[in-house]
Amino acid sequence: MLNFKNITMIHIGLALLLIGCSLFFYFPMWIYFVLIGSWFLFIMIGSFAIRLNFFLKATSGNSQVTKKVVALTFDDGPNPMYTPEVLDLLERYDAKATFFCIGKEAEAYPKLVSQIVEKGHEIGNHSHSHKKNISFNGTKCWLREIENTDARIENIIGKKPTLFRPPYGVTTPHLAKAIGLSNHNVVGWTIRPFDTTLKNVHTITKYISNLNCHFNSGRNLNLN
């Protein structure tokens with residue numbers, strides 16, 4: 001498995017090999033830059049592709065499920081405008097979902113959080129602030145984000161969430177260490193409709209439908 005540890009060890013090994021061989025052979029400097037660039041490229045891809053489990057293990061679907069089922073997840077709430085509409089729609093079709101809530105939003109709209117649980121849905125942790133630069137947090141900052149959200153949600157529904165989804169789906173070594181301390185189960189997705197950028201409902205529906213044609217079952221559909 002190509003994860004952060006293995007990729008780093010491979011690149012360190014290649015660097016040491018190059019240095020050793022350079023005692024006997026000449027290697028142009030660009031080879032070293034290519035090696036460094038290759039490591040950074042792997043880090044970038046691994047950070048933004050949560051399904052690769054590059055820094056930490058994340059559940060992004062279940063290949064063992066043989067039935068055609070979808071796990072619905074919603075991020076960034078609760079929202080006083082959209083969350084009630086989503087809850088009504090789910091109730092109409094007798095469907096259940098997981099809502100990954102932001103701590104500060106849960107604190108602002110506790111009744112919505114309670115309503116989510118009362119209707120039989122799951123609550124997950126989606127950080128406290130969801131700042132644009134949150135992915136650059138150190139381990140202590142990540143842990144504070146996670147614990148603050150846990151505390152807010154527990155204060156509302158009486159129990160801490162066991163699930164966590166990183167904002168933007170970005171993972172880092174610091175987040176991995178924080179998750180190791182908080183013992184949350186990290187949840188990713190297999191289908192992301194990009195509904196925050198694709199504003200037209202018909203475009204979003206077509207995009208999801210086309211993606212779903214390439215998947216069989218046990219998939220996780222994430223809606224922001």
# chains A, B, ... in the order shown; residues from 1 in each chain; ligands from 1
>>> residues_around(residues="Asp75 in chain A", least_positions_apart="4", cutoff="7 Å", atoms="only C-alpha atoms", output="PyMOL selection string")
chain A and resi 99-101+223-224
>>> residues_around(residues="Pro173 in chain A", least_positions_apart="5", cutoff="10 Å", atoms="only C-alpha atoms", output="ChimeraX atom specification")
/A:4-5,47,54-56,138-139,178-179
>>> write_last_selection(atoms="N, CA and C atoms", output="PDB file, in the first residue's frame")
ATOM      1  N   PHE A   4       1.779   7.444   3.276  1.00  0.00           N
ATOM      2  CA  PHE A   4       2.775   8.478   3.574  1.00  0.00           C
ATOM      3  C   PHE A   4       4.097   7.877   4.056  1.00  0.00           C
ATOM      4  N   LYS A   5       4.017   6.911   4.970  1.00  0.00           N
ATOM      5  CA  LYS A   5       5.230   6.307   5.523  1.00  0.00           C
ATOM      6  C   LYS A   5       6.027   5.589   4.448  1.00  0.00           C
ATOM      7  N   SER A  47      -2.934  14.064   0.038  1.00  0.00           N
ATOM      8  CA  SER A  47      -3.656  14.984   0.917  1.00  0.00           C
ATOM      9  C   SER A  47      -5.081  15.220   0.435  1.00  0.00           C
ATOM     10  N   PHE A  54      -3.993   7.730   2.494  1.00  0.00           N
ATOM     11  CA  PHE A  54      -2.569   8.032   2.436  1.00  0.00           C
ATOM     12  C   PHE A  54      -2.000   8.359   3.815  1.00  0.00           C
ATOM     13  N   PHE A  55      -2.682   9.215   4.567  1.00  0.00           N
ATOM     14  CA  PHE A  55      -2.212   9.596   5.904  1.00  0.00           C
ATOM     15  C   PHE A  55      -2.953   8.869   7.020  1.00  0.00           C
ATOM     16  N   LEU A  56      -4.188   8.512   6.765  1.00  0.00           N
ATOM     17  CA  LEU A  56      -5.010   7.824   7.763  1.00  0.00           C
ATOM     18  C   LEU A  56      -6.048   6.967   7.054  1.00  0.00           C
ATOM     19  N   GLY A 138      -1.767  22.386  13.107  1.00  0.00           N
ATOM     20  CA  GLY A 138      -0.907  21.419  13.769  1.00  0.00           C
ATOM     21  C   GLY A 138      -1.768  20.424  14.534  1.00  0.00           C
ATOM     22  N   THR A 139      -1.126  19.430  15.147  1.00  0.00           N
ATOM     23  CA  THR A 139      -1.868  18.384  15.854  1.00  0.00           C
ATOM     24  C   THR A 139      -2.714  18.951  16.989  1.00  0.00           C
ATOM     25  N   ALA A 178      -3.921  13.608  15.412  1.00  0.00           N
ATOM     26  CA  ALA A 178      -5.058  14.056  16.221  1.00  0.00           C
ATOM     27  C   ALA A 178      -6.144  12.992  16.261  1.00  0.00           C
ATOM     28  N   ILE A 179      -6.414  12.357  15.133  1.00  0.00           N
ATOM     29  CA  ILE A 179      -7.422  11.303  15.069  1.00  0.00           C
ATOM     30  C   ILE A 179      -6.982  10.105  15.907  1.00  0.00           C
TER      31      ILE A 179
END
>>> closest_residue(among="A:Phe74, A:Gln115, A:Ser127, A:Ile102", to="Asp88 in chain A", atoms="only C-alpha atoms")
A:Gln115
>>> select_by_dssp(residues="range 86-205 of chain A", states="alpha helix (DSSP H)", output="count of residues only")
56
>>> residues_around(residues="range 164-171 of chain A", least_positions_apart="3", cutoff="9 Å", atoms="only C-alpha atoms", output="mmCIF file with C-alpha atoms, in the first residue's frame")
data_model
loop_
_atom_site.group_PDB
_atom_site.id
_atom_site.type_symbol
_atom_site.label_atom_id
_atom_site.label_comp_id
_atom_site.auth_asym_id
_atom_site.auth_seq_id
_atom_site.Cartn_x
_atom_site.Cartn_y
_atom_site.Cartn_z
ATOM 1 C CA GLY A 46 -2.444 11.913 -0.969
ATOM 2 C CA SER A 47 -3.656 14.984 0.917
ATOM 3 C CA PHE A 48 -6.559 15.697 -1.420
ATOM 4 C CA ALA A 49 -7.607 12.111 -2.201
ATOM 5 C CA ILE A 50 -9.152 10.836 1.021
ATOM 6 C CA ASN A 53 -5.925 6.348 2.878
ATOM 7 C CA PHE A 54 -2.569 8.032 2.436
ATOM 8 C CA PHE A 55 -2.212 9.596 5.904
ATOM 9 C CA LEU A 56 -5.010 7.824 7.763
ATOM 10 C CA ALA A 58 -10.981 6.492 6.010
ATOM 11 C CA ASP A 75 -21.608 18.384 5.288
ATOM 12 C CA ASP A 76 -21.260 21.889 6.735
ATOM 13 C CA PHE A 100 -21.394 16.017 9.503
ATOM 14 C CA GLY A 124 -20.744 13.344 12.725
ATOM 15 C CA ASN A 125 -17.934 15.764 13.606
ATOM 16 C CA HIS A 126 -16.830 18.136 10.822
ATOM 17 C CA SER A 127 -14.481 20.379 12.864
ATOM 18 C CA HIS A 130 -14.176 24.799 9.052
ATOM 19 C CA LYS A 131 -11.717 27.619 8.268
ATOM 20 C CA LYS A 132 -10.337 27.856 4.751
ATOM 21 C CA ILE A 134 -7.749 24.586 8.547
ATOM 22 C CA SER A 135 -5.744 21.960 6.659
ATOM 23 C CA ILE A 146 -12.361 18.030 17.131
ATOM 24 C CA PRO A 161 -20.054 11.669 17.784
ATOM 25 C CA HIS A 174 -1.032 16.324 11.878
ATOM 26 C CA LEU A 175 -4.684 15.385 11.424
ATOM 27 C CA ALA A 176 -3.748 11.707 11.478
ATOM 28 C CA ILE A 179 -7.422 11.303 15.069
ATOM 29 C CA HIS A 184 -12.806 8.868 15.744
ATOM 30 C CA ASN A 185 -13.684 6.821 12.679
ATOM 31 C CA VAL A 186 -12.915 8.907 9.586
ATOM 32 C CA VAL A 187 -15.492 8.830 6.788
ATOM 33 C CA GLY A 188 -14.838 9.808 3.180
ATOM 34 C CA TRP A 189 -16.958 9.280 0.051
#
>>> closest_residue(among="A:Thr197, A:Asn137, A:Thr149, A:Asn3", to="Arg51 in chain A", atoms="only C-alpha atoms")
A:Asn3
>>> decode(residues="range 47-62 of chain A", atoms="all heavy atoms", output="PDB file, in the first residue's frame")
ATOM      1  N   SER A  47      -2.934  14.064   0.038  1.00  0.00           N
ATOM      2  CA  SER A  47      -3.656  14.984   0.917  1.00  0.00           C
ATOM      3  C   SER A  47      -5.081  15.220   0.435  1.00  0.00           C
ATOM      4  O   SER A  47      -6.007  15.308   1.250  1.00  0.00           O
ATOM      5  CB  SER A  47      -2.919  16.328   0.999  1.00  0.00           C
ATOM      6  OG  SER A  47      -1.654  16.186   1.597  1.00  0.00           O
ATOM      7  N   PHE A  48      -5.256  15.338  -0.874  1.00  0.00           N
ATOM      8  CA  PHE A  48      -6.559  15.697  -1.420  1.00  0.00           C
ATOM      9  C   PHE A  48      -7.422  14.495  -1.817  1.00  0.00           C
ATOM     10  O   PHE A  48      -8.600  14.674  -2.117  1.00  0.00           O
ATOM     11  CB  PHE A  48      -6.379  16.611  -2.637  1.00  0.00           C
ATOM     12  CG  PHE A  48      -5.954  18.000  -2.278  1.00  0.00           C
ATOM     13  CD1 PHE A  48      -4.611  18.352  -2.293  1.00  0.00           C
ATOM     14  CD2 PHE A  48      -6.879  18.955  -1.898  1.00  0.00           C
ATOM     15  CE1 PHE A  48      -4.207  19.641  -1.947  1.00  0.00           C
ATOM     16  CE2 PHE A  48      -6.490  20.235  -1.552  1.00  0.00           C
ATOM     17  CZ  PHE A  48      -5.146  20.577  -1.574  1.00  0.00           C
ATOM     18  N   ALA A  49      -6.850  13.312  -1.821  1.00  0.00           N
ATOM     19  CA  ALA A  49      -7.607  12.111  -2.201  1.00  0.00           C
ATOM     20  C   ALA A  49      -7.824  11.249  -0.963  1.00  0.00           C
ATOM     21  O   ALA A  49      -7.023  10.361  -0.666  1.00  0.00           O
ATOM     22  CB  ALA A  49      -6.871  11.345  -3.291  1.00  0.00           C
ATOM     23  N   ILE A  50      -8.903  11.517  -0.249  1.00  0.00           N
ATOM     24  CA  ILE A  50      -9.152  10.836   1.021  1.00  0.00           C
ATOM     25  C   ILE A  50      -9.325   9.335   0.839  1.00  0.00           C
ATOM     26  O   ILE A  50      -9.017   8.547   1.728  1.00  0.00           O
ATOM     27  CB  ILE A  50     -10.385  11.452   1.724  1.00  0.00           C
ATOM     28  CG1 ILE A  50     -10.487  10.965   3.175  1.00  0.00           C
ATOM     29  CG2 ILE A  50     -11.661  11.168   0.949  1.00  0.00           C
ATOM     30  CD1 ILE A  50     -11.520  11.709   3.984  1.00  0.00           C
ATOM     31  N   ARG A  51      -9.786   8.911  -0.329  1.00  0.00           N
ATOM     32  CA  ARG A  51     -10.018   7.489  -0.581  1.00  0.00           C
ATOM     33  C   ARG A  51      -8.725   6.680  -0.651  1.00  0.00           C
ATOM     34  O   ARG A  51      -8.752   5.449  -0.544  1.00  0.00           O
ATOM     35  CB  ARG A  51     -10.800   7.308  -1.881  1.00  0.00           C
ATOM     36  CG  ARG A  51     -12.235   7.799  -1.822  1.00  0.00           C
ATOM     37  CD  ARG A  51     -12.897   7.716  -3.179  1.00  0.00           C
ATOM     38  NE  ARG A  51     -12.890   6.379  -3.713  1.00  0.00           N
ATOM     39  CZ  ARG A  51     -13.221   6.056  -4.957  1.00  0.00           C
ATOM     40  NH1 ARG A  51     -13.564   7.005  -5.813  1.00  0.00           N
ATOM     41  NH2 ARG A  51     -13.202   4.806  -5.363  1.00  0.00           N
ATOM     42  N   LEU A  52      -7.590   7.343  -0.839  1.00  0.00           N
ATOM     43  CA  LEU A  52      -6.313   6.632  -0.936  1.00  0.00           C
ATOM     44  C   LEU A  52      -5.799   6.168   0.422  1.00  0.00           C
ATOM     45  O   LEU A  52      -4.853   5.387   0.495  1.00  0.00           O
ATOM     46  CB  LEU A  52      -5.262   7.537  -1.598  1.00  0.00           C
ATOM     47  CG  LEU A  52      -5.497   7.905  -3.061  1.00  0.00           C
ATOM     48  CD1 LEU A  52      -4.384   8.817  -3.560  1.00  0.00           C
ATOM     49  CD2 LEU A  52      -5.592   6.660  -3.933  1.00  0.00           C
ATOM     50  N   ASN A  53      -6.394   6.690   1.518  1.00  0.00           N
ATOM     51  CA  ASN A  53      -5.925   6.348   2.878  1.00  0.00           C
ATOM     52  C   ASN A  53      -4.430   6.612   3.027  1.00  0.00           C
ATOM     53  O   ASN A  53      -3.697   5.814   3.620  1.00  0.00           O
ATOM     54  CB  ASN A  53      -6.222   4.882   3.200  1.00  0.00           C
ATOM     55  CG  ASN A  53      -7.707   4.589   3.231  1.00  0.00           C
ATOM     56  OD1 ASN A  53      -8.513   5.456   3.586  1.00  0.00           O
ATOM     57  ND2 ASN A  53      -8.087   3.386   2.853  1.00  0.00           N
ATOM     58  N   PHE A  54      -3.993   7.730   2.494  1.00  0.00           N
ATOM     59  CA  PHE A  54      -2.569   8.032   2.436  1.00  0.00           C
ATOM     60  C   PHE A  54      -2.000   8.359   3.815  1.00  0.00           C
ATOM     61  O   PHE A  54      -0.935   7.866   4.197  1.00  0.00           O
ATOM     62  CB  PHE A  54      -2.335   9.211   1.483  1.00  0.00           C
ATOM     63  CG  PHE A  54      -0.903   9.428   1.114  1.00  0.00           C
ATOM     64  CD1 PHE A  54      -0.265   8.577   0.230  1.00  0.00           C
ATOM     65  CD2 PHE A  54      -0.187  10.491   1.636  1.00  0.00           C
ATOM     66  CE1 PHE A  54       1.071   8.771  -0.120  1.00  0.00           C
ATOM     67  CE2 PHE A  54       1.137  10.699   1.290  1.00  0.00           C
ATOM     68  CZ  PHE A  54       1.777   9.841   0.413  1.00  0.00           C
ATOM     69  N   PHE A  55      -2.682   9.215   4.567  1.00  0.00           N
ATOM     70  CA  PHE A  55      -2.212   9.596   5.904  1.00  0.00           C
ATOM     71  C   PHE A  55      -2.953   8.869   7.020  1.00  0.00           C
ATOM     72  O   PHE A  55      -2.415   8.669   8.102  1.00  0.00           O
ATOM     73  CB  PHE A  55      -2.373  11.108   6.117  1.00  0.00           C
ATOM     74  CG  PHE A  55      -1.491  11.935   5.228  1.00  0.00           C
ATOM     75  CD1 PHE A  55      -2.020  12.663   4.190  1.00  0.00           C
ATOM     76  CD2 PHE A  55      -0.120  11.975   5.427  1.00  0.00           C
ATOM     77  CE1 PHE A  55      -1.213  13.436   3.363  1.00  0.00           C
ATOM     78  CE2 PHE A  55       0.703  12.732   4.604  1.00  0.00           C
ATOM     79  CZ  PHE A  55       0.151  13.467   3.573  1.00  0.00           C
ATOM     80  N   LEU A  56      -4.188   8.512   6.765  1.00  0.00           N
ATOM     81  CA  LEU A  56      -5.010   7.824   7.763  1.00  0.00           C
ATOM     82  C   LEU A  56      -6.048   6.967   7.054  1.00  0.00           C
ATOM     83  O   LEU A  56      -6.327   7.156   5.875  1.00  0.00           O
ATOM     84  CB  LEU A  56      -5.679   8.834   8.706  1.00  0.00           C
ATOM     85  CG  LEU A  56      -6.402  10.031   8.105  1.00  0.00           C
ATOM     86  CD1 LEU A  56      -7.756   9.644   7.535  1.00  0.00           C
ATOM     87  CD2 LEU A  56      -6.596  11.121   9.163  1.00  0.00           C
ATOM     88  N   LYS A  57      -6.622   6.035   7.788  1.00  0.00           N
ATOM     89  CA  LYS A  57      -7.630   5.148   7.212  1.00  0.00           C
ATOM     90  C   LYS A  57      -8.990   5.835   7.247  1.00  0.00           C
ATOM     91  O   LYS A  57      -9.434   6.296   8.291  1.00  0.00           O
ATOM     92  CB  LYS A  57      -7.689   3.823   7.973  1.00  0.00           C
ATOM     93  CG  LYS A  57      -8.705   2.845   7.420  1.00  0.00           C
ATOM     94  CD  LYS A  57      -8.640   1.521   8.139  1.00  0.00           C
ATOM     95  CE  LYS A  57      -9.747   0.577   7.649  1.00  0.00           C
ATOM     96  NZ  LYS A  57      -9.739   0.403   6.201  1.00  0.00           N
ATOM     97  N   ALA A  58      -9.651   5.895   6.108  1.00  0.00           N
ATOM     98  CA  ALA A  58     -10.981   6.492   6.010  1.00  0.00           C
ATOM     99  C   ALA A  58     -11.917   5.521   5.300  1.00  0.00           C
ATOM    100  O   ALA A  58     -11.543   4.895   4.309  1.00  0.00           O
ATOM    101  CB  ALA A  58     -10.921   7.811   5.251  1.00  0.00           C
ATOM    102  N   THR A  59     -13.126   5.395   5.813  1.00  0.00           N
ATOM    103  CA  THR A  59     -14.132   4.561   5.171  1.00  0.00           C
ATOM    104  C   THR A  59     -14.809   5.367   4.069  1.00  0.00           C
ATOM    105  O   THR A  59     -15.442   6.387   4.340  1.00  0.00           O
ATOM    106  CB  THR A  59     -15.186   4.097   6.194  1.00  0.00           C
ATOM    107  OG1 THR A  59     -14.536   3.333   7.222  1.00  0.00           O
ATOM    108  CG2 THR A  59     -16.242   3.229   5.520  1.00  0.00           C
ATOM    109  N   SER A  60     -14.663   4.931   2.844  1.00  0.00           N
ATOM    110  CA  SER A  60     -15.234   5.665   1.706  1.00  0.00           C
ATOM    111  C   SER A  60     -16.242   4.839   0.926  1.00  0.00           C
ATOM    112  O   SER A  60     -16.673   5.225  -0.145  1.00  0.00           O
ATOM    113  CB  SER A  60     -14.116   6.132   0.771  1.00  0.00           C
ATOM    114  OG  SER A  60     -13.244   7.012   1.433  1.00  0.00           O
ATOM    115  N   GLY A  61     -16.626   3.703   1.453  1.00  0.00           N
ATOM    116  CA  GLY A  61     -17.577   2.821   0.796  1.00  0.00           C
ATOM    117  C   GLY A  61     -17.416   1.424   1.353  1.00  0.00           C
ATOM    118  O   GLY A  61     -16.543   1.189   2.201  1.00  0.00           O
ATOM    119  N   ASN A  62     -18.237   0.515   0.920  1.00  0.00           N
ATOM    120  CA  ASN A  62     -18.165  -0.865   1.399  1.00  0.00           C
ATOM    121  C   ASN A  62     -18.306  -1.815   0.219  1.00  0.00           C
ATOM    122  O   ASN A  62     -19.411  -2.053  -0.275  1.00  0.00           O
ATOM    123  CB  ASN A  62     -19.256  -1.126   2.440  1.00  0.00           C
ATOM    124  CG  ASN A  62     -19.082  -2.471   3.124  1.00  0.00           C
ATOM    125  OD1 ASN A  62     -18.289  -3.309   2.688  1.00  0.00           O
ATOM    126  ND2 ASN A  62     -19.820  -2.675   4.205  1.00  0.00           N
TER     127      ASN A  62
END
